[in-house]
$ cat data_1.cif   # mmCIF, C-alpha atoms
data_coords
loop_
_atom_site.label_atom_id
_atom_site.label_comp_id
_atom_site.auth_asym_id
_atom_site.auth_seq_id
_atom_site.Cartn_x
_atom_site.Cartn_y
_atom_site.Cartn_z
CA MET A 1 -44.80 -67.67 7.82
CA GLY A 2 -43.35 -65.25 10.09
CA GLY A 3 -42.25 -63.45 6.97
CA ARG A 4 -44.73 -60.73 7.45
CA ARG A 5 -42.97 -57.54 6.97
CA VAL A 6 -43.13 -55.15 9.75
CA ALA A 7 -42.88 -51.51 8.98
CA ARG A 8 -39.55 -50.02 9.90
CA PRO A 9 -39.86 -48.60 13.33
CA PRO A 10 -40.16 -44.82 13.19
CA ALA A 11 -37.47 -44.64 15.84
CA ARG A 12 -34.79 -45.27 13.18
CA ARG A 13 -35.74 -42.18 11.21
CA LEU A 14 -36.02 -40.13 14.32
CA ASN A 15 -32.57 -41.34 15.31
CA GLY A 16 -31.15 -40.18 11.97
CA LEU A 17 -32.03 -36.55 12.53
CA PRO A 18 -30.31 -36.13 15.86
CA ARG A 19 -27.29 -37.84 14.32
CA ARG A 20 -27.13 -35.17 11.63
CA ALA A 21 -27.66 -32.50 14.20
CA ALA A 22 -24.90 -34.04 16.30
CA PHE A 23 -22.62 -34.01 13.26
CA ALA A 24 -23.34 -30.33 12.70
CA VAL A 25 -22.68 -29.56 16.34
CA LEU A 26 -19.43 -31.54 16.23
CA LEU A 27 -18.39 -29.69 13.08
CA VAL A 28 -19.02 -26.34 14.67
CA ALA A 29 -17.28 -27.47 17.86
CA ALA A 30 -14.24 -28.53 15.79
CA LEU A 31 -14.16 -25.15 14.06
CA ALA A 32 -14.46 -23.36 17.38
CA THR A 33 -11.68 -25.46 18.88
CA GLY A 34 -9.45 -24.77 15.88
CA ARG A 35 -10.06 -21.07 16.19
CA ALA A 36 -9.42 -21.10 19.93
CA VAL A 37 -6.15 -23.01 19.46
CA GLU A 38 -5.11 -20.63 16.69
CA GLY A 39 -5.78 -17.72 19.01
CA LEU A 40 -3.66 -19.23 21.75
CA MET A 41 -0.69 -20.12 19.54
CA PRO A 42 1.90 -17.49 18.60
CA VAL A 43 1.15 -17.93 14.91
CA ASP A 44 0.98 -14.26 14.09
CA ASP A 45 4.56 -13.14 14.35
CA GLU A 46 7.20 -15.68 15.06
CA THR A 47 6.09 -18.67 13.04
CA VAL A 48 5.34 -16.67 9.92
CA ALA A 49 8.43 -14.44 10.05
CA PRO A 50 10.59 -14.46 6.94
CA PHE A 51 13.99 -16.15 6.99
CA GLU A 52 16.63 -13.42 6.97
CA ARG A 53 19.76 -14.31 5.00
CA THR A 54 22.34 -11.82 6.17
CA GLY A 55 25.72 -10.57 4.99
CA GLY A 56 27.85 -7.50 4.43
CA ILE A 57 29.23 -5.58 1.47
CA GLY A 58 30.94 -7.91 -0.99
CA ASP A 59 29.36 -11.03 0.51
CA ARG A 60 27.39 -13.26 -1.76
CA VAL A 61 24.21 -13.75 0.24
CA GLU A 62 22.29 -16.81 -0.88
CA ALA A 63 18.52 -17.06 -0.71
CA ARG A 64 15.97 -19.57 -1.96
CA TRP A 65 15.39 -17.56 -5.13
CA GLY A 66 18.95 -16.47 -5.93
CA ASP A 67 21.84 -14.58 -4.48
CA VAL A 68 22.59 -10.92 -3.85
CA GLN A 69 25.99 -9.25 -3.66
CA VAL A 70 26.25 -5.56 -2.79
CA THR A 71 29.19 -4.11 -4.69
CA SER A 72 29.22 -0.45 -3.60
CA VAL A 73 27.31 2.21 -1.69
CA ALA A 74 27.37 5.95 -2.32
CA GLY A 75 25.38 8.92 -1.11
CA SER A 76 24.56 12.58 -1.66
CA THR A 77 21.66 15.00 -1.50
CA ARG A 78 21.30 14.62 -5.26
CA ILE A 79 21.00 11.78 -7.73
CA GLU A 80 20.72 11.57 -11.48
CA ASP A 81 18.33 8.83 -12.50
CA PRO A 82 18.86 6.69 -15.63
CA TYR A 83 16.74 9.18 -17.63
CA GLY A 84 18.98 12.09 -16.72
CA THR A 85 16.55 13.68 -14.25
CA VAL A 86 18.18 15.18 -11.17
CA HIS A 87 16.36 14.61 -7.87
CA VAL A 88 17.11 16.67 -4.76
CA THR A 89 16.31 15.51 -1.25
CA GLY A 90 16.12 17.30 2.06
CA GLY A 91 17.67 14.19 3.61
CA VAL A 92 20.20 11.87 2.03
CA TYR A 93 20.06 9.70 -1.06
CA VAL A 94 21.66 6.30 -0.44
CA VAL A 95 22.61 4.65 -3.74
CA VAL A 96 23.36 0.94 -3.60
CA ASP A 97 24.87 -0.99 -6.51
CA TRP A 98 24.36 -4.71 -6.32
CA THR A 99 24.38 -7.84 -8.36
CA TYR A 100 21.65 -10.37 -8.38
CA THR A 101 21.75 -13.89 -9.77
CA ALA A 102 18.51 -15.83 -10.05
CA ALA A 103 18.41 -19.46 -8.99
CA GLY A 104 16.46 -22.16 -10.78
CA GLU A 105 14.18 -20.01 -12.88
CA PRO A 106 13.84 -16.37 -13.97
CA GLN A 107 13.01 -14.19 -10.96
CA VAL A 108 12.33 -10.52 -10.28
CA PRO A 109 13.54 -9.14 -6.94
CA ALA A 110 10.74 -6.58 -6.81
CA TYR A 111 10.99 -5.56 -3.14
CA VAL A 112 14.01 -3.39 -2.35
CA ALA A 113 14.20 -1.26 0.78
CA LEU A 114 16.49 0.23 3.37
CA ARG A 115 15.83 -0.63 6.99
CA ASP A 116 17.33 1.64 9.64
CA THR A 117 18.33 0.78 13.19
CA GLU A 118 14.98 2.05 14.51
CA GLY A 119 13.10 -0.37 12.27
CA ARG A 120 11.87 2.27 9.83
CA VAL A 121 11.52 0.96 6.29
CA PHE A 122 12.28 3.09 3.22
CA ARG A 123 11.15 1.49 -0.02
CA THR A 124 11.99 2.16 -3.62
CA SER A 125 9.44 3.71 -5.96
CA VAL A 126 9.56 4.51 -9.65
CA GLU A 127 10.57 8.15 -9.89
CA ARG A 128 11.59 9.58 -6.55
CA ASN A 129 13.44 6.46 -5.35
CA PRO A 130 14.52 4.91 -8.63
CA TYR A 131 15.10 1.20 -8.92
CA SER A 132 14.58 -1.04 -11.89
CA SER A 133 15.11 -4.79 -11.75
CA GLY A 134 15.29 -4.91 -15.54
CA GLY A 135 12.64 -7.62 -15.54
CA ALA A 136 13.16 -11.29 -14.83
CA ALA A 137 16.84 -12.27 -14.89
CA GLN A 138 17.78 -15.64 -16.34
CA PRO A 139 19.12 -18.07 -13.76
CA GLY A 140 22.88 -18.10 -13.48
CA ILE A 141 23.43 -14.82 -15.32
CA PRO A 142 24.43 -12.04 -12.92
CA ARG A 143 22.51 -8.79 -13.31
CA ARG A 144 23.89 -5.49 -12.05
CA VAL A 145 21.22 -3.21 -10.64
CA ALA A 146 21.13 0.00 -8.63
CA ALA A 147 18.64 1.37 -6.13
CA ALA A 148 18.55 4.96 -4.85
CA ILE A 149 16.46 5.66 -1.78
CA GLU A 150 16.03 8.96 0.06
CA VAL A 151 16.14 8.74 3.85
CA PRO A 152 16.55 11.20 6.70
CA ALA A 153 20.22 11.65 7.63
CA ASP A 154 19.63 9.94 10.99
CA ALA A 155 18.63 6.72 9.20
CA VAL A 156 21.95 6.26 7.39
CA ALA A 157 24.22 4.87 10.11
CA GLY A 158 23.65 1.12 10.43
CA ALA A 159 21.18 0.96 7.53
CA ARG A 160 20.60 -2.40 5.87
CA LEU A 161 19.48 -3.23 2.35
CA VAL A 162 16.52 -5.61 2.22
CA VAL A 163 15.79 -7.51 -1.00
CA THR A 164 13.17 -10.11 -1.82
CA LEU A 165 10.71 -11.09 -4.53
CA GLU A 166 7.24 -10.10 -3.37
CA THR A 167 6.32 -6.40 -3.29
CA ASN A 168 3.70 -6.89 -0.55
CA PRO A 169 5.41 -7.33 2.85
CA GLU A 170 2.52 -9.60 3.84
CA ASP A 171 3.83 -12.09 1.31
CA HIS A 172 7.29 -12.29 2.89
CA ARG A 173 5.89 -14.80 5.37
CA ARG A 174 8.14 -17.84 5.66
CA ASP A 175 10.10 -16.79 2.59
CA ASP A 176 13.75 -15.85 2.28
CA ILE A 177 14.70 -12.20 2.42
CA VAL A 178 18.24 -10.94 1.93
CA VAL A 179 19.44 -8.40 4.51
CA VAL A 180 22.80 -6.74 3.83
CA ASP A 181 24.54 -4.53 6.38
CA LEU A 182 25.84 -1.62 4.33
CA GLY A 183 28.47 -0.74 6.94
CA LEU A 184 27.42 2.92 7.06
CA THR A 185 28.42 5.28 9.87
CA GLN A 186 27.43 8.71 11.13
CA ASP A 187 30.46 10.10 9.26
CA ASP A 188 28.98 8.81 6.00
CA ALA A 189 25.66 10.42 6.90
CA ASP A 190 27.28 13.78 7.68
CA ALA A 191 29.37 13.79 4.51
CA TRP A 192 26.48 12.79 2.25
CA ALA A 193 24.02 15.24 3.84
CA THR A 194 26.24 18.12 2.67
CA SER A 195 27.27 16.71 -0.71
CA GLU A 196 25.67 18.34 -3.74
CA GLU A 197 27.43 16.16 -6.28
CA PRO A 198 24.78 14.07 -8.05
CA VAL A 199 25.31 10.32 -7.82
CA GLU A 200 24.41 8.53 -11.02
CA VAL A 201 21.91 5.70 -10.75
CA ALA A 202 22.88 3.04 -13.26
CA GLU A 203 20.49 1.14 -15.50
CA PRO A 204 20.26 -2.61 -15.02
CA ALA A 205 22.71 -4.61 -17.11
CA ASP A 206 23.53 -8.26 -17.59
CA GLY A 207 26.75 -10.12 -18.13
CA PRO A 208 30.41 -9.08 -18.17
CA GLY A 209 31.37 -6.55 -15.57
CA ALA A 210 29.02 -8.09 -13.08
CA ALA A 211 30.66 -9.38 -9.96
CA SER A 212 31.62 -13.00 -10.25
CA MET B 1 -53.53 -54.42 7.01
CA ALA B 2 -54.14 -50.90 7.69
CA GLU B 3 -50.40 -50.36 7.64
CA SER B 4 -49.94 -51.50 4.07
CA GLY B 5 -49.68 -48.46 1.87
CA GLY B 6 -49.21 -46.41 4.95
CA ARG B 7 -45.46 -46.69 4.56
CA LEU B 8 -45.47 -45.05 1.18
CA ARG B 9 -47.74 -42.35 2.45
CA ARG B 10 -45.54 -41.81 5.43
CA LEU B 11 -42.49 -41.62 3.19
CA ALA B 12 -44.25 -39.12 0.95
CA LEU B 13 -45.25 -37.04 3.90
CA GLY B 14 -41.92 -37.44 5.68
CA ALA B 15 -39.64 -36.48 2.79
CA PRO B 16 -40.39 -32.76 2.63
CA ARG B 17 -40.36 -32.54 6.39
CA GLN B 18 -37.01 -34.28 6.41
CA HIS B 19 -35.69 -31.80 3.80
CA LEU B 20 -36.98 -28.95 5.84
CA THR B 21 -35.24 -30.23 8.94
CA LEU B 22 -32.07 -30.84 6.97
CA THR B 23 -32.15 -27.32 5.51
CA GLY B 24 -32.82 -25.94 8.94
CA SER B 25 -29.89 -27.81 10.42
CA ALA B 26 -27.61 -26.69 7.60
CA ALA B 27 -28.68 -23.07 8.01
CA GLY B 28 -28.18 -23.32 11.74
CA ALA B 29 -24.74 -24.81 11.25
CA VAL B 30 -23.80 -22.02 8.84
CA VAL B 31 -24.99 -19.35 11.25
CA LEU B 32 -23.13 -21.00 14.12
CA ALA B 33 -19.98 -21.35 11.99
CA VAL B 34 -20.12 -17.66 11.03
CA LEU B 35 -20.64 -16.64 14.64
CA VAL B 36 -17.77 -18.87 15.78
CA ALA B 37 -15.52 -17.45 13.06
CA GLY B 38 -16.08 -13.96 14.39
CA GLY B 39 -19.35 -12.96 12.79
CA PHE B 40 -19.82 -10.35 10.13
CA ASP B 41 -18.11 -7.02 10.69
CA PRO B 42 -20.79 -4.37 10.88
CA LEU B 43 -20.78 -2.08 7.87
CA GLU B 44 -20.45 1.02 9.92
CA LYS B 45 -19.42 4.25 8.32
CA PRO B 46 -18.98 6.68 11.13
CA GLU B 47 -19.45 10.34 10.41
CA ALA B 48 -16.11 11.96 11.02
CA ASP B 49 -15.98 15.38 12.55
CA VAL B 50 -14.87 17.77 9.85
CA ALA B 51 -12.51 20.35 11.30
CA PRO B 52 -12.17 23.81 9.73
CA LEU B 53 -9.15 24.33 7.49
CA ALA B 54 -6.38 26.31 9.15
CA VAL B 55 -3.88 27.71 6.65
CA GLY B 56 -0.30 27.24 7.85
CA GLU B 57 -1.22 24.71 10.52
CA ALA B 58 -0.43 21.02 10.35
CA ALA B 59 -3.42 18.69 9.97
CA ASP B 60 -3.09 15.01 10.88
CA ILE B 61 -5.07 13.04 8.32
CA GLY B 62 -3.85 9.58 9.32
CA PRO B 63 -1.06 8.39 7.02
CA PHE B 64 0.18 11.95 6.48
CA THR B 65 0.49 15.29 8.17
CA VAL B 66 -0.43 18.01 5.70
CA THR B 67 0.19 21.74 6.14
CA VAL B 68 -1.56 23.93 3.59
CA ASP B 69 0.21 27.23 2.88
CA ARG B 70 -1.12 28.90 -0.25
CA MET B 71 -2.96 28.32 -3.49
CA ARG B 72 -2.24 30.01 -6.73
CA VAL B 73 -3.11 29.89 -10.39
CA VAL B 74 -0.15 29.29 -12.63
CA ASP B 75 0.05 29.44 -16.39
CA GLU B 76 3.01 27.19 -16.07
CA LEU B 77 4.96 25.68 -13.25
CA PRO B 78 8.53 25.39 -14.49
CA GLY B 79 9.57 21.79 -14.59
CA ILE B 80 6.14 20.65 -13.54
CA SER B 81 3.35 21.75 -15.80
CA GLU B 82 3.13 23.86 -18.88
CA GLY B 83 -0.30 25.33 -19.18
CA ASP B 84 -1.74 25.98 -22.64
CA ASP B 85 -4.61 28.05 -24.04
CA ASP B 86 -7.14 25.45 -22.98
CA THR B 87 -6.06 24.81 -19.42
CA ARG B 88 -4.53 26.52 -16.48
CA VAL B 89 -3.05 24.94 -13.39
CA LEU B 90 -4.24 25.39 -9.82
CA ALA B 91 -1.36 24.64 -7.46
CA LEU B 92 -1.71 24.19 -3.73
CA VAL B 93 1.60 24.60 -1.97
CA GLY B 94 2.19 23.01 1.40
CA THR B 95 4.31 20.56 3.33
CA VAL B 96 3.80 16.86 3.83
CA THR B 97 5.25 14.23 6.16
CA ALA B 98 4.47 10.55 6.58
CA THR B 99 3.30 9.67 10.09
CA GLY B 100 4.28 6.00 10.19
CA THR B 101 7.53 4.07 10.03
CA THR B 102 7.27 2.92 6.45
CA THR B 103 7.01 4.42 2.97
CA GLN B 104 3.61 5.72 1.91
CA TYR B 105 2.97 5.95 -1.80
CA GLY B 106 1.99 9.09 -3.70
CA ALA B 107 -1.35 7.84 -4.97
CA MET B 108 -2.80 7.88 -1.46
CA LEU B 109 -1.38 11.36 -0.90
CA SER B 110 -2.94 12.86 -4.01
CA GLU B 111 -6.27 11.22 -3.14
CA SER B 112 -6.10 12.84 0.30
CA VAL B 113 -6.35 16.45 -0.88
CA ALA B 114 -9.39 17.44 -2.92
CA LEU B 115 -11.01 20.57 -4.38
CA ASP B 116 -14.73 20.94 -3.86
CA GLY B 117 -17.00 22.75 -6.27
CA VAL B 118 -14.42 24.61 -8.37
CA PRO B 119 -15.86 25.02 -11.88
CA GLY B 120 -13.83 23.58 -14.74
CA VAL B 121 -11.88 21.12 -12.59
CA PRO B 122 -12.99 17.68 -13.73
CA ALA B 123 -12.19 14.50 -11.87
CA GLU B 124 -9.90 12.10 -13.66
CA VAL B 125 -12.20 9.30 -14.68
CA LEU B 126 -10.84 5.94 -15.68
CA PRO B 127 -12.57 4.20 -18.58
CA GLY B 128 -15.58 2.31 -17.32
CA GLU B 129 -15.86 4.37 -14.15
CA THR B 130 -18.22 7.16 -13.32
CA THR B 131 -17.97 9.81 -10.67
CA ASP B 132 -20.52 11.99 -9.01
CA PRO B 133 -20.06 15.52 -10.41
CA GLY B 134 -20.68 16.88 -6.91
CA GLU B 135 -17.83 14.91 -5.37
CA PRO B 136 -14.62 16.71 -4.38
CA VAL B 137 -11.89 16.27 -7.00
CA PRO B 138 -8.60 14.79 -5.72
CA ALA B 139 -5.33 16.34 -6.86
CA GLY B 140 -4.07 15.09 -10.20
CA ASP B 141 -0.50 14.83 -8.97
CA VAL B 142 1.91 15.95 -6.28
CA TYR B 143 5.30 17.48 -7.10
CA VAL B 144 8.31 18.24 -4.95
CA MET B 145 9.06 21.97 -5.07
CA ALA B 146 12.82 21.48 -4.64
CA ASP B 147 13.31 19.76 -7.97
CA GLY B 148 9.95 19.61 -9.74
CA THR B 149 9.81 15.82 -9.75
CA ARG B 150 6.71 13.82 -8.97
CA LEU B 151 6.40 12.69 -5.37
CA ASP B 152 5.48 9.03 -5.83
CA ALA B 153 6.68 7.94 -2.36
CA VAL B 154 6.72 9.75 0.98
CA GLN B 155 9.53 8.46 3.17
CA PRO B 156 9.13 8.49 6.96
CA GLY B 157 11.10 11.15 8.81
CA LEU B 158 11.34 13.53 5.84
CA GLU B 159 9.38 16.74 5.25
CA TYR B 160 8.53 17.63 1.69
CA GLU B 161 7.49 21.02 0.35
CA VAL B 162 5.08 20.04 -2.37
CA ALA B 163 2.60 21.34 -4.91
CA PHE B 164 -0.71 19.53 -5.33
CA VAL B 165 -1.93 20.34 -8.83
CA TRP B 166 -5.26 20.38 -10.62
CA GLU B 167 -5.90 21.37 -14.21
CA GLN B 168 -8.73 23.84 -14.75
CA ASP B 169 -10.53 24.48 -18.02
CA ALA B 170 -9.38 27.95 -19.13
CA ARG B 171 -12.97 28.83 -20.15
CA ALA B 172 -14.04 28.67 -16.52
CA ASP B 173 -13.50 31.70 -14.31
CA VAL B 174 -10.44 31.86 -12.13
CA PRO B 175 -11.75 31.29 -8.62
CA SER B 176 -10.90 33.83 -5.95
CA GLU B 177 -11.42 31.18 -3.31
CA ALA B 178 -11.48 27.43 -3.40
CA ARG B 179 -12.93 24.94 -0.98
CA LEU B 180 -10.36 22.35 0.07
CA VAL B 181 -11.21 19.00 1.57
CA LEU B 182 -8.58 16.85 3.30
CA ILE B 183 -9.47 13.17 3.34
CA GLY B 184 -8.38 11.22 6.41
CA ARG B 185 -7.84 7.49 6.80
CA THR B 186 -7.72 5.08 9.73
CA LEU B 187 -5.09 2.40 10.30
CA ARG B 188 -6.95 -0.83 10.93
CA GLN B 189 -6.84 -4.49 10.13
CA SER B 190 -8.27 -5.34 6.74
CA SER B 191 -11.13 -7.83 7.03
CA ILE B 192 -9.90 -9.53 3.86
CA ASP B 193 -6.31 -10.46 4.66
CA HIS B 194 -5.95 -9.16 8.24
CA SER B 195 -3.06 -6.89 7.29
CA ASP B 196 -2.91 -3.40 8.76
CA GLU B 197 -3.90 -0.83 6.15
CA TRP B 198 -4.99 2.80 5.97
CA LEU B 199 -8.69 2.44 5.20
CA ASP B 200 -12.03 4.23 5.47
CA PRO B 201 -11.36 7.51 3.62
CA LEU B 202 -13.50 10.29 5.10
CA PRO B 203 -13.32 14.11 4.96
CA VAL B 204 -11.64 15.32 8.15
CA VAL B 205 -10.73 18.92 7.34
CA ALA B 206 -12.53 21.32 5.01
CA GLY B 207 -12.47 25.03 4.38
CA ASP B 208 -11.89 27.84 1.92
CA ILE B 209 -8.48 29.06 0.84
CA GLU B 210 -7.70 32.21 -1.12
CA VAL B 211 -6.52 31.66 -4.68
CA THR B 212 -4.01 34.17 -6.05
CA GLU B 213 -3.67 34.84 -9.75
CA PRO B 214 -0.36 34.84 -11.59
CA SER B 215 -0.46 38.59 -12.09
CA ALA B 216 -0.87 39.14 -8.35
CA GLU B 217 2.14 37.09 -7.43
CA PRO B 218 4.93 36.06 -9.77
CA THR B 219 5.60 32.34 -9.91
CA GLU B 220 8.77 31.20 -8.29
CA PRO B 221 11.10 29.31 -10.52
CA ALA B 222 11.64 25.78 -9.24
CA GLU B 223 15.16 26.40 -8.07
CA GLU B 224 16.91 23.31 -6.89
CA ASP B 225 17.93 25.08 -3.71
CA SER B 226 14.49 26.48 -2.94
#
$ encode --input "data_1.cif" --output "structure tokens"
Amino acid sequence: MGGRRVARPPARRLNGLPRRAAFAVLLVAALATGRAVEGLMPVDDETVAPFERTGGIGDRVEARWGDVQVTSVAGSTRIEDPYGTVHVTGGVYVVVDWTYTAAGEPQVPAYVALRDTEGRVFRTSVERNPYSSGGAAQPGIPRRVAAAIEVPADAVAGARLVVTLETNPEDHRRDDIVVVDLGLTQDDADAWATSEEPVEVAEPADGPGAAS
Amino acid sequence: MAESGGRLRRLALGAPRQHLTLTGSAAGAVVLAVLVAGGFDPLEKPEADVAPLAVGEAADIGPFTVTVDRMRVVDELPGISEGDDDTRVLALVGTVTATGTTTQYGAMLSESVALDGVPGVPAEVLPGETTDPGEPVPAGDVYVMADGTRLDAVQPGLEYEVAFVWEQDARADVPSEARLVLIGRTLRQSSIDHSDEWLDPLPVVAGDIEVTEPSAEPTEPAEEDS
């Protein structure tokens, strides 16, 4: 005897519910703690900043996705784009010729901009600020490209070329960006701001002739 | 015993109550989690004060400063648009600057200047989209007067003399006046990816501008030095 089954005490079931409630409270508390910690940490700017790979004209600047070598810089108030259209600016067109060699797999350096000493950013577009990557370049094969960007004359001296893959600056977080000091001075700015000789913007091209 | 069979009954009675409690706890946890994560942003659409249009005066519409100078009808705008028998071009000439420190693209600029209630000016409708016929019609394109090329990017620190253009059906009357609406935007953090963007397009300036016909004023050729 003694085997008479006794109904499970209701206390067990009642205990189960508070345990679930406690789990939910703990979960919410963990989320709240995570959010509070995130708010206190400097995660917004410094830890997500891109890695700047820097260099000057002629330097081969290596990044995770390939390398960039600026070969020449020119300027004027006028450019002739690869389709023969002449564009006129009230500022200065800065035309940068550079070579890009993809690393590992075909890549498109889609983000190209000039950054001035004040931190202003001047990006390429399709027509007014012509730049064409020529599509994905095969790894190891240098591709010569050109970008023409119009800027106010006071942005020329000290301007840097910025190149990376993602077009959205939000996506530059923790990625490599190439930053090349173009070595430009106020004299360059003054000369280019009065020049009416159109600078030709070259089409992208692969292979021989590209900088080694 | 009286208890035998009572267990089953209790289980049967307890199960839905247990589910209810569980659902309640889950809902409560979700609500708490949402509140802890910052809650839902209220879907507020504030009514912006619409200022009267002042020809020749700069209007700050957020990403751009726009100064409206004149509006004219052109049969053709050399280098920009060649009108034909079916259409004529309404061109609004003014100046534009970007207010920020980075490039703003032309699509936002052309969406920022609209014509309201001009007959024969249809909105560009993408396949699969519909527009309210009463809505103001944004400019089809923006061209730089100096060289007649399309302004697809506005660089900070530069002032552009531009023409906003609309095509009008030639069967409609040439308007003597047109109502212009400038659409403003606010720089705020996007609730989707927390990046700062110009959002919340709202009319901020509106008013009538005189439209001159080609015969009244000869069109200027798009000289490169103009």
$ closest_residue --input "data_1.cif" --among "B:Pro214, B:Gly94, B:Gly24, B:Gly117" --to "Val55 of chain B" --atoms "all atoms listed in the file"
B:Gly94
$ interface_residues --input "data_1.cif" --of "chain A" --to "chain B" --cutoff "7 Å" --atoms "only C-alpha atoms" --output "list in words"
Ala21, Ala24, Val28, Ala32, His87, Val88, Gly91, Arg120, Val121, Phe122, Arg123, Ser125, Glu127, Arg128, Val151 and Pro152 of chain A
$ atom_distance --input "data_1.cif" --atom1 "atom CA of Val89 of chain B" --atom2 "atom CA of Trp166 of chain B"
5.8 Å
$ resolve_selection --input "data_1.cif" --expression "the PyMOL selection byres ((chain B and resi 210) around 9)" --output "PyMOL selection string"
chain B and resi 70-72+175-179+208-209+211-212
$ write_last_selection --input "data_1.cif" --atoms "C-alpha atoms" --output "mmCIF file, in the coordinates of the input"
data_model
loop_
_atom_site.group_PDB
_atom_site.id
_atom_site.type_symbol
_atom_site.label_atom_id
_atom_site.label_comp_id
_atom_site.auth_asym_id
_atom_site.auth_seq_id
_atom_site.Cartn_x
_atom_site.Cartn_y
_atom_site.Cartn_z
ATOM 1 C CA ARG B 70 -1.120 28.900 -0.250
ATOM 2 C CA MET B 71 -2.960 28.320 -3.490
ATOM 3 C CA ARG B 72 -2.240 30.010 -6.730
ATOM 4 C CA PRO B 175 -11.750 31.290 -8.620
ATOM 5 C CA SER B 176 -10.900 33.830 -5.950
ATOM 6 C CA GLU B 177 -11.420 31.180 -3.310
ATOM 7 C CA ALA B 178 -11.480 27.430 -3.400
ATOM 8 C CA ARG B 179 -12.930 24.940 -0.980
ATOM 9 C CA ASP B 208 -11.890 27.840 1.920
ATOM 10 C CA ILE B 209 -8.480 29.060 0.840
ATOM 11 C CA VAL B 211 -6.520 31.660 -4.680
ATOM 12 C CA THR B 212 -4.010 34.170 -6.050
#
$ resolve_selection --input "data_1.cif" --expression "the PyMOL selection byres ((chain A and resi 194) around 12)" --output "number ranges by chain"
A: 75-78, 88-93, 153, 187-193, 195-198
$ write_last_selection --input "data_1.cif" --atoms "C-alpha atoms" --output "mmCIF file, keeping the file's coordinate frame"
data_model
loop_
_atom_site.group_PDB
_atom_site.id
_atom_site.type_symbol
_atom_site.label_atom_id
_atom_site.label_comp_id
_atom_site.auth_asym_id
_atom_site.auth_seq_id
_atom_site.Cartn_x
_atom_site.Cartn_y
_atom_site.Cartn_z
ATOM 1 C CA GLY A 75 25.380 8.920 -1.110
ATOM 2 C CA SER A 76 24.560 12.580 -1.660
ATOM 3 C CA THR A 77 21.660 15.000 -1.500
ATOM 4 C CA ARG A 78 21.300 14.620 -5.260
ATOM 5 C CA VAL A 88 17.110 16.670 -4.760
ATOM 6 C CA THR A 89 16.310 15.510 -1.250
ATOM 7 C CA GLY A 90 16.120 17.300 2.060
ATOM 8 C CA GLY A 91 17.670 14.190 3.610
ATOM 9 C CA VAL A 92 20.200 11.870 2.030
ATOM 10 C CA TYR A 93 20.060 9.700 -1.060
ATOM 11 C CA ALA A 153 20.220 11.650 7.630
ATOM 12 C CA ASP A 187 30.460 10.100 9.260
ATOM 13 C CA ASP A 188 28.980 8.810 6.000
ATOM 14 C CA ALA A 189 25.660 10.420 6.900
ATOM 15 C CA ASP A 190 27.280 13.780 7.680
ATOM 16 C CA ALA A 191 29.370 13.790 4.510
ATOM 17 C CA TRP A 192 26.480 12.790 2.250
ATOM 18 C CA ALA A 193 24.020 15.240 3.840
ATOM 19 C CA SER A 195 27.270 16.710 -0.710
ATOM 20 C CA GLU A 196 25.670 18.340 -3.740
ATOM 21 C CA GLU A 197 27.430 16.160 -6.280
ATOM 22 C CA PRO A 198 24.780 14.070 -8.050
#
$ residues_around --input "data_1.cif" --residues "Val205 of chain B" --least-positions-apart "4" --cutoff "10 Å" --atoms "all atoms listed in the file" --output "VMD selection string"
chain B and resid 48 to 54 59 to 61 113 180 to 184
